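Colleague: Shown below is the structure under consideration.
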Amino acid sequence: MSVTNNEQSILKLANNLVNNISESELSIYDEITVGDPNYWIPSRELELLLNEKLCGIDLGSYPNRTRSKIVKQLVCKAIGYPCPSSFKKTKPRFPGQNFDVATQKSNNFQPVNESISPSRRYVLIRPSKDNIIQKVRVVPGTMLAALDTTGKLTVKHQATLHINQNTATELVSQEDTNVLKPLVSSTVSIPSIVSPIDYPSRDCIMSIQTIYEKLKTVVGKSFNDAGIDQERNRGAQLHNLVCQSLGYSSYKDDGRFPDLTHQLLEVKLQTSPTIDLGLDVPSSIEKLELPQIDGVNIRVCDVRYAIFYGSIEDGKVTITNFYLTTGEDFFSRFPQTQGNVQNTKLQIWLKKDFFD
DNA sequence: CTAACCCGAACAAACTTCCG
DNA sequence: CGGAAGTTTGTTCGGGTTAG
């Protein structure tokens, strides 16, 4: 890649701005007027500067949130600001220069709990699969807003898992809900042709006690950690293990709720206390979009939730705890997160050639 | 068949409250 | 008042499904 003369002169100007900033007492939180000749870094200059200083850096293998912090520190350094010990939750994160930073291994850009601000700038950083920074783009909010064609917000709720150190397994609900109870059995065997994502049917639904007995055996088992930023794939491994333990001959997940539709069972892997719940609130009496069973509609609160807690050590996930509850009783054991209660995010698909 | 969509996966940083 | 403990928000990854 050759640097043109034009780019050279922009870079020179940009470096002057960086010098001005580092010689000032300014922090990233101090306001700068847009276009200020001494301190404001225009987008073109910002992009060139960040490409110049960040490309080639190995970000290492960290969880998303840690990597994000590392990148923000790198950005501070690159443009002459001191690194704060923590990055305040301001909007945007870099108020002085009016920009946000996102590192995107994938093309799915997801601002949480806020919409795209047209005048704000967005610094998007593309690392390679092995975490080497390849490219930095600085774009105005208007450009990202144009890519948001649907405005669809994804919703999630959360709860907290308090671990009781003394008990490895807990059956939170002694019985299924009144609606489900008549439909379950303690003597179910799964025909090899059925898939975990088939609709549930009469005589095929295990009682919550049966599920508890079968899934207890998962505690103590371990499997390979798919990678620090591979939560989805890691969860899938547990899901697979659960299917096996319940007697399914195949593993299948279509991303719908509940995971194991055929048993009205939702499975979660936790290695930290925050439980993410997606759109559905477990205690909700909303009907699931499933065929009725004996004329009965299954509701969200009838679904059974299997929560597994695991620890990660040298590349292996080991399951240490297991909890099983109905949706109805869920919040009695796992308190719902207060505050926003509901978090939303936009999901904006960057064009394939966005970073080219 | 491909691109777009969006659903869901789960963890750690940041913030708040509690306790000495 | 400072650190610990608890709570809440933010970060971003990947897969299945659907629209074109």
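Residues in the structure tokens are numbered from 1 in each chain, the chains being A, B, ... in the order shown, and ligands are numbered from 1 in the order shown.
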Taking only C-alpha atoms (C1' of nucleotides) into account, which residues of chain B are within 9 Å of chain A, as a PyMOL selection string?

Modeller: chain B and resi 4-14

Colleague: Step one, run DSSP on the backbone; step two, keep only residues of segment 80-130 of chain A assigned to strand (DSSP E or B); then write them as a PyMOL selection string.

Modeller: chain A and resi 94+99-103+108-109+112+121-127

Colleague: Near DC15 of chain B, counting only C-alpha atoms (C1' of nucleotides), which residues have an atom at most 9 Å away, once you skip same-chain residues fewer than 3 positions from it, shown as a VMD selection string?

Modeller: chain C and resid 7 to 9

Colleague: Please produce a file of those selected residues containing C-alpha atoms (C1' of nucleotides), as a CSV table (one decimal), in the first residue's frame.

Modeller:
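Final output, saved to out00.csv:
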chain,number,residue,atom,x,y,z
C,7,DT,C1',-25.9,-4.7,40.3
C,8,DT,C1',-26.5,-3.0,35.7
C,9,DT,C1',-25.1,-1.9,31.2

Colleague: Determine the nearest neighbour of chain C from the options A:Thr344, A:Asn19, A:Asn6, A:Gln338, counting only C-alpha atoms (C1' of nucleotides).

Modeller: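 Looking at the shortest contact to chain C, the residue is A:Gln338.
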
Colleague: Using only C-alpha atoms (C1' of nucleotides) and a cut-off of 10 Å, which residues of chain C sit close to chain A? Please list them as a list in words.

Modeller: DT7, DT8, DT9, DG10, DT11, DT12, DC13, DG14, DG15, DG16 and DT17 of chain C

Colleague: Do you know which residues are at most 8 Å from Thr187 of chain A counting only C-alpha atoms (C1' of nucleotides), after dropping those on the same chain fewer than 2 positions away, and could you put them as a ChimeraX atom specification?

Modeller: /A:185,189,206
